[in-house]
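Enquirer: Input: one structure, supplied below.
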Amino acid sequence: AIGGGSVIDLAKSIIYKLAKQDAALPFFIAAPTTAGSGTEATHFAVLYQEGKKLSLVHPRLLPGLVILDPELTITQPAYQAAVSGIDAFCQAVESFWSKNAGTVSREFSAAAIRLWIKYYHAAIRHPGIENCEGMLQAAHLAGKAINLTRTTGPHALSYYLTSNYGIPHGQAVAIFLPLFFLYNQPGKELLDLFRAADPAEAAELVRTWIQEAGLSVTFEGLGIDKKAVLPFLLDEINQERFENNPVAFNREQLTELIVNYC
């Protein structure tokens with residue numbers, strides 16, 4: 001599988017079907033051409049069926065060989081680099097505060113966040129071997145982290161926007177990530193990675209980083225009527241992903257935060 005997250009997940013879907021049929025499985029090699037999804041480092045895949053997000057999970061979905069070649073990502077458009085790269089960041093942050101986080105997963109997450117801060121905007125503005133390799137490593141480490149913990153609240157909310165409005169996955173997640181610093185109130189260990197004094201400062205810093213990449217931090221920026229979509233968004237939240245969030249689902253609190261920050 002040589003391509004972005006969708007291409008690699010397509011290969012995983014084929015392998016999953018073969019595994020369920022007890023058929024012979026091919027040796028699986030993945031070479032990502034975007035720095036974002038981290039799917040080359042996970043044993044699960046994402047697909048949409050009738051507009052609903054589904055997950056396929058099987059140990060054989062983890063590739064037997066991964067090729068991280070920055071030359072495969074250099075020619076991607078700046079917007080694709082921004083959308084893919086912000087997904088990697090969201091994964092790393094969500095894995096860090098996930099209820100399932102442990103010492104190993106947090107080491108992967110922290111390393112991914114440090115690399116992302118150093119290389120994300122550089123890879124968008126000045127794609128080259130060093131910057132693209134740094135982002136590939138960040139995305140791969142974020143993938144290794146969520147392979148252990150899965151994602152949380154921001155991803156749980158994002159799928160509705162992708163399914164119903166065609167919003168690219170990374171952009172859809174990025175809309176919600178800043179407000180979850182306020183919702184989850186993460187501790188000092190994560191805040192120190194951003195050199196932020198408190199969750200509010202971290203949220204504003206993340207919003208700024210998203211905007212500097214040319215992405216939107218509001219529904220209005222995506223051309224979506226927030227008031228019209230909000231009830232449906234919360235009705236169809238992915239509960240499987242929200243189960244991993246450190247703070248339980250609170251519709252009233254989430255509504256208030258989305259109204260004020262998105």
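By order of appearance in the structure tokens: chains A, B, ..., then residues from 1 within every chain, and ligands from 1 in the order shown.
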Compile the contact shell of Leu257 of chain A as a ChimeraX atom specification: residues with an atom at most 12 Å away, counting only C-alpha atoms, same-chain residues fewer than 2 positions apart removed.
Expert: /A:175-184,203,218,230,250-255,259-262
Enquirer: If you keep N, CA and C atoms, can you produce a file of those selected residues as a compact mmCIF listing (two decimals), in the first residue's frame?
Expert:
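The new file out.txt reads:
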```txt
# COMPACT_ATOMS: atom_id res chain seq x y z
N ILE A 175 -11.02 21.36 14.41
CA ILE A 175 -12.05 22.28 14.91
C ILE A 175 -12.27 22.08 16.41
N PHE A 176 -12.23 20.84 16.85
CA PHE A 176 -12.62 20.52 18.21
C PHE A 176 -11.46 20.40 19.20
N LEU A 177 -10.24 20.21 18.72
CA LEU A 177 -9.13 19.96 19.64
C LEU A 177 -8.94 21.07 20.67
N PRO A 178 -8.91 22.36 20.27
CA PRO A 178 -8.65 23.39 21.29
C PRO A 178 -9.64 23.39 22.44
N LEU A 179 -10.93 23.21 22.15
CA LEU A 179 -11.92 23.29 23.23
C LEU A 179 -11.77 22.13 24.21
N PHE A 180 -11.16 21.01 23.76
CA PHE A 180 -11.01 19.88 24.68
C PHE A 180 -9.90 20.10 25.70
N PHE A 181 -9.04 21.09 25.48
CA PHE A 181 -8.12 21.47 26.55
C PHE A 181 -8.91 22.07 27.71
N LEU A 182 -9.98 22.79 27.39
CA LEU A 182 -10.83 23.36 28.42
C LEU A 182 -11.75 22.31 29.02
N TYR A 183 -12.23 21.40 28.20
CA TYR A 183 -13.14 20.35 28.66
C TYR A 183 -12.42 19.32 29.54
N ASN A 184 -11.24 18.90 29.11
CA ASN A 184 -10.52 17.84 29.82
C ASN A 184 -9.61 18.35 30.92
N ALA A 203 -5.01 25.98 24.85
CA ALA A 203 -6.08 26.00 23.86
C ALA A 203 -5.87 27.12 22.85
N THR A 218 -13.29 27.48 13.15
CA THR A 218 -14.72 27.75 13.38
C THR A 218 -15.58 27.05 12.33
N LEU A 230 -25.49 21.69 15.32
CA LEU A 230 -25.07 21.28 16.66
C LEU A 230 -25.90 20.15 17.27
N ASN A 250 -20.66 15.11 28.44
CA ASN A 250 -21.57 16.04 29.10
C ASN A 250 -22.12 16.95 28.02
N ARG A 251 -23.33 16.69 27.60
CA ARG A 251 -23.90 17.40 26.46
C ARG A 251 -23.99 18.91 26.69
N GLU A 252 -24.41 19.29 27.88
CA GLU A 252 -24.57 20.72 28.18
C GLU A 252 -23.23 21.45 28.12
N GLN A 253 -22.21 20.86 28.73
CA GLN A 253 -20.90 21.51 28.75
C GLN A 253 -20.29 21.58 27.35
N LEU A 254 -20.43 20.50 26.58
CA LEU A 254 -19.90 20.49 25.23
C LEU A 254 -20.62 21.51 24.35
N THR A 255 -21.93 21.61 24.53
CA THR A 255 -22.71 22.60 23.75
C THR A 255 -22.19 24.00 24.02
N VAL A 259 -20.36 26.34 21.20
CA VAL A 259 -20.97 27.64 20.87
C VAL A 259 -19.97 28.78 21.04
N ASN A 260 -19.15 28.70 22.09
CA ASN A 260 -18.24 29.80 22.42
C ASN A 260 -16.91 29.74 21.69
N TYR A 261 -16.45 28.54 21.32
CA TYR A 261 -15.09 28.41 20.80
C TYR A 261 -15.01 27.93 19.36
N CYS A 262 -16.10 27.50 18.76
CA CYS A 262 -16.06 27.02 17.39
C CYS A 262 -16.90 27.91 16.49
```
Enquirer: Need the shell around Cys132 of chain A: protein/DNA/RNA residues with any atom at most 7 Å away, counting only C-alpha atoms. Skip same-chain ones fewer than 3 positions apart. Format as a PyMOL selection string?
Expert: chain A and resi 70+73-74+123+127-129+135-136
Enquirer: Hey, can you spit out that residue selection with N, CA and C atoms as a compact mmCIF listing (two decimals), in the first residue's frame?
Expert:
```txt
# COMPACT_ATOMS: atom_id res chain seq x y z
N PRO A 70 10.65 10.33 3.00
CA PRO A 70 10.18 11.71 2.88
C PRO A 70 10.00 12.17 1.44
N THR A 73 6.44 12.41 0.25
CA THR A 73 5.53 13.42 0.78
C THR A 73 5.88 14.84 0.32
N ILE A 74 7.02 15.04 -0.27
CA ILE A 74 7.49 16.38 -0.61
C ILE A 74 6.55 17.09 -1.58
N ALA A 123 7.29 22.03 7.32
CA ALA A 123 7.03 21.09 6.23
C ALA A 123 5.97 21.62 5.27
N PRO A 127 8.74 22.47 2.14
CA PRO A 127 8.90 21.01 2.05
C PRO A 127 10.29 20.65 1.54
N GLY A 128 10.92 19.78 2.24
CA GLY A 128 12.25 19.30 1.89
C GLY A 128 12.50 18.03 2.67
N ILE A 129 13.60 17.40 2.44
CA ILE A 129 13.86 16.10 3.06
C ILE A 129 13.79 16.18 4.59
N MET A 135 8.23 15.27 9.94
CA MET A 135 6.78 15.09 10.05
C MET A 135 6.37 13.63 9.88
N LEU A 136 7.05 12.91 9.00
CA LEU A 136 6.76 11.48 8.87
C LEU A 136 7.01 10.74 10.19
```
Enquirer: Tell me which of A:Leu190, A:Lys118, A:Leu47, A:Thr151 sits closest to Arg106 of chain A, counting only C-alpha atoms.
Expert: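 Of A:Leu190, A:Lys118, A:Leu47, A:Thr151, the one nearest Arg106 of chain A, counting only C-alpha atoms, is A:Leu190.
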Enquirer: Identify which of the residues A:Leu148, A:Leu61, A:Ala248, A:Leu215 lies closest to Ser105 of chain A, counting only C-alpha atoms when measuring atom-to-atom distances.
Expert: A:Leu148
Enquirer: Can you tell me which residues surround Leu193 of chain A at a distance of at most 12 Å, considering only C-alpha atoms, apart from same-chain residues fewer than 4 positions away, and format the answer as a PyMOL selection string?
Expert: chain A and resi 92-93+96+106-107+109-118+186-189+197-199+202+205-206
Enquirer: May I have the residues from that selection written out with N, CA, C and O atoms, as a CSV table (one decimal), in the first residue's frame?
Expert:
```
chain,number,residue,atom,x,y,z
A,92,ALA,N,-1.7,12.6,18.7
A,92,ALA,CA,-0.6,12.5,19.8
A,92,ALA,C,-1.2,13.1,21.1
A,92,ALA,O,-1.0,12.6,22.2
A,93,VAL,N,-1.9,14.3,20.9
A,93,VAL,CA,-2.5,14.9,22.1
A,93,VAL,C,-3.5,14.0,22.8
A,93,VAL,O,-3.6,13.8,24.0
A,96,PHE,N,-2.2,11.1,24.6
A,96,PHE,CA,-1.6,11.5,25.9
A,96,PHE,C,-2.6,11.6,27.0
A,96,PHE,O,-2.3,11.1,28.1
A,106,ARG,N,2.6,7.3,26.3
A,106,ARG,CA,2.9,8.7,26.5
A,106,ARG,C,4.3,9.1,26.0
A,106,ARG,O,4.6,10.2,25.6
A,107,GLU,N,5.2,8.2,26.1
A,107,GLU,CA,6.5,8.4,25.5
A,107,GLU,C,6.4,8.6,24.0
A,107,GLU,O,7.0,9.5,23.4
A,109,SER,N,3.7,9.6,22.4
A,109,SER,CA,2.9,10.9,22.2
A,109,SER,C,3.8,12.1,22.4
A,109,SER,O,3.8,13.0,21.6
A,110,ALA,N,4.6,12.1,23.5
A,110,ALA,CA,5.4,13.3,23.8
A,110,ALA,C,6.5,13.5,22.7
A,110,ALA,O,6.7,14.6,22.2
A,111,ALA,N,7.1,12.4,22.2
A,111,ALA,CA,8.0,12.5,21.1
A,111,ALA,C,7.4,13.0,19.9
A,111,ALA,O,8.0,13.8,19.1
A,112,ALA,N,6.2,12.5,19.6
A,112,ALA,CA,5.4,13.0,18.4
A,112,ALA,C,5.1,14.5,18.5
A,112,ALA,O,5.3,15.2,17.5
A,113,ILE,N,4.7,14.9,19.7
A,113,ILE,CA,4.4,16.4,19.8
A,113,ILE,C,5.6,17.2,19.7
A,113,ILE,O,5.5,18.3,19.0
A,114,ARG,N,6.7,16.8,20.2
A,114,ARG,CA,7.9,17.6,20.1
A,114,ARG,C,8.4,17.7,18.6
A,114,ARG,O,8.8,18.8,18.2
A,115,LEU,N,8.3,16.6,17.9
A,115,LEU,CA,8.7,16.6,16.5
A,115,LEU,C,7.7,17.5,15.7
A,115,LEU,O,8.1,18.3,14.8
A,116,TRP,N,6.4,17.4,16.0
A,116,TRP,CA,5.4,18.1,15.3
A,116,TRP,C,5.6,19.6,15.5
A,116,TRP,O,5.5,20.4,14.5
A,117,ILE,N,5.8,20.1,16.7
A,117,ILE,CA,6.1,21.5,17.0
A,117,ILE,C,7.3,22.0,16.1
A,117,ILE,O,7.2,23.1,15.6
A,118,LYS,N,8.3,21.2,16.0
A,118,LYS,CA,9.5,21.6,15.3
A,118,LYS,C,9.3,21.6,13.8
A,118,LYS,O,9.8,22.5,13.1
A,186,PRO,N,-6.3,19.1,31.0
A,186,PRO,CA,-5.1,18.2,31.2
A,186,PRO,C,-4.1,18.8,32.2
A,186,PRO,O,-4.1,20.0,32.5
A,187,GLY,N,-3.3,17.9,32.7
A,187,GLY,CA,-2.3,18.2,33.8
A,187,GLY,C,-1.0,18.9,33.3
A,187,GLY,O,-0.8,19.0,32.1
A,188,LYS,N,-0.2,19.1,34.2
A,188,LYS,CA,1.1,19.9,33.9
A,188,LYS,C,2.0,19.1,32.9
A,188,LYS,O,2.7,19.8,32.1
A,189,GLU,N,2.0,17.8,33.0
A,189,GLU,CA,2.9,17.1,32.1
A,189,GLU,C,2.7,17.3,30.7
A,189,GLU,O,3.6,17.5,29.9
A,197,ALA,N,1.0,27.7,30.6
A,197,ALA,CA,0.8,27.8,32.1
A,197,ALA,C,-0.5,27.1,32.5
A,197,ALA,O,-0.6,26.6,33.7
A,198,ASP,N,-1.5,27.0,31.6
A,198,ASP,CA,-2.8,26.4,32.0
A,198,ASP,C,-3.5,26.0,30.8
A,198,ASP,O,-3.1,26.3,29.6
A,199,PRO,N,-4.6,25.2,30.9
A,199,PRO,CA,-5.3,24.7,29.7
A,199,PRO,C,-5.8,25.8,28.8
A,199,PRO,O,-5.8,25.6,27.6
A,202,ALA,N,-3.0,26.8,26.6
A,202,ALA,CA,-2.7,25.8,25.6
A,202,ALA,C,-3.7,25.8,24.5
A,202,ALA,O,-3.4,25.6,23.3
A,205,LEU,N,-3.0,28.6,22.1
A,205,LEU,CA,-1.8,28.3,21.4
A,205,LEU,C,-2.1,27.4,20.2
A,205,LEU,O,-1.7,27.6,19.1
A,206,VAL,N,-2.9,26.3,20.5
A,206,VAL,CA,-3.3,25.3,19.5
A,206,VAL,C,-4.1,26.0,18.4
A,206,VAL,O,-3.9,25.7,17.2
```
Enquirer: Would you pick out the contacts of segment 14-16 of chain A at 10 Å or less, using only C-alpha atoms, so that residues sharing its chain but fewer than 6 positions from it are not included, and give the list as a list in words?
Expert: Asp22, Ala23, Ala24, Leu25, Pro26, Phe27, Phe28, Phe44, Ala45, Leu56, Val57, His58, Pro59, Arg60 and Leu61 of chain A
Enquirer: For Phe232 of chain A, please output as an MDAnalysis selection string all residues within 12 Å (counting only C-alpha atoms; exclusion window: fewer than 5 positions along the same chain).
Expert: chainID A and resid 157 159:161 164 225:227 237:238 251 255
Enquirer: Based on DSSP run over this structure's backbone, return all residues of segment 48-230 of chain A in strand (DSSP E), as a PyMOL selection string.
Expert: chain A and resi 48-49+52-57+65-66
Enquirer: Looking only at alpha helix (DSSP H) from DSSP on the backbone, list the matching residues of segment 27-254 of chain A as a PyMOL selection string.
Expert: chain A and resi 78-97+103-125+129-149+153-165+169-184+188-194+199-212+226-235+239-242+251-254
Enquirer: Which neighbours of Val83 of chain A fall inside 9 Å, counting only C-alpha atoms, when residues of the same chain fewer than 2 positions from it are skipped, and could you give them as a ChimeraX atom specification?
Expert: /A:36,78-81,85-87,168-171,174,213,215
Enquirer: Quick one: distance from atom CA of Ala138 of chain A to atom CA of Leu72 of chain A in Å, one decimal?
Expert: 15.5 Å
Enquirer: From the options A:Val173, A:Leu191, A:Ala1, A:Leu62, which residue's atoms come nearest to Asn147 of chain A, counting only C-alpha atoms?
Expert: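 Distance minimum relative to Asn147 of chain A lands on A:Leu62.
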Enquirer: Which residue gives the smallest distance to His126 of chain A among A:Gln21, A:Ser84, A:Gln76, A:Asn245, with only C-alpha atoms counted?
Expert: A:Gln76
Enquirer: What does the structure give for the distance between atom CA of Ile8 of chain A and atom CA of Ser37 of chain A, in Å to one decimal?
Expert: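 Atom CA of Ser37 of chain A lies at a distance of 9.6 Å from atom CA of Ile8 of chain A.
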Enquirer: Between atom CA of His155 of chain A and atom CA of Gly214 of chain A, what is the distance, to one decimal in Å?
Expert: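 Between these atoms lies a distance of 20.0 Å.
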Enquirer: Could you check the closest approach to Gly143 of chain A for each of A:Ile167, A:Ala41, A:Val7, A:Val66 and tell me which residue wins, using only C-alpha atoms?
Expert: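 Under the stated criterion, the closest residue is A:Ala41.
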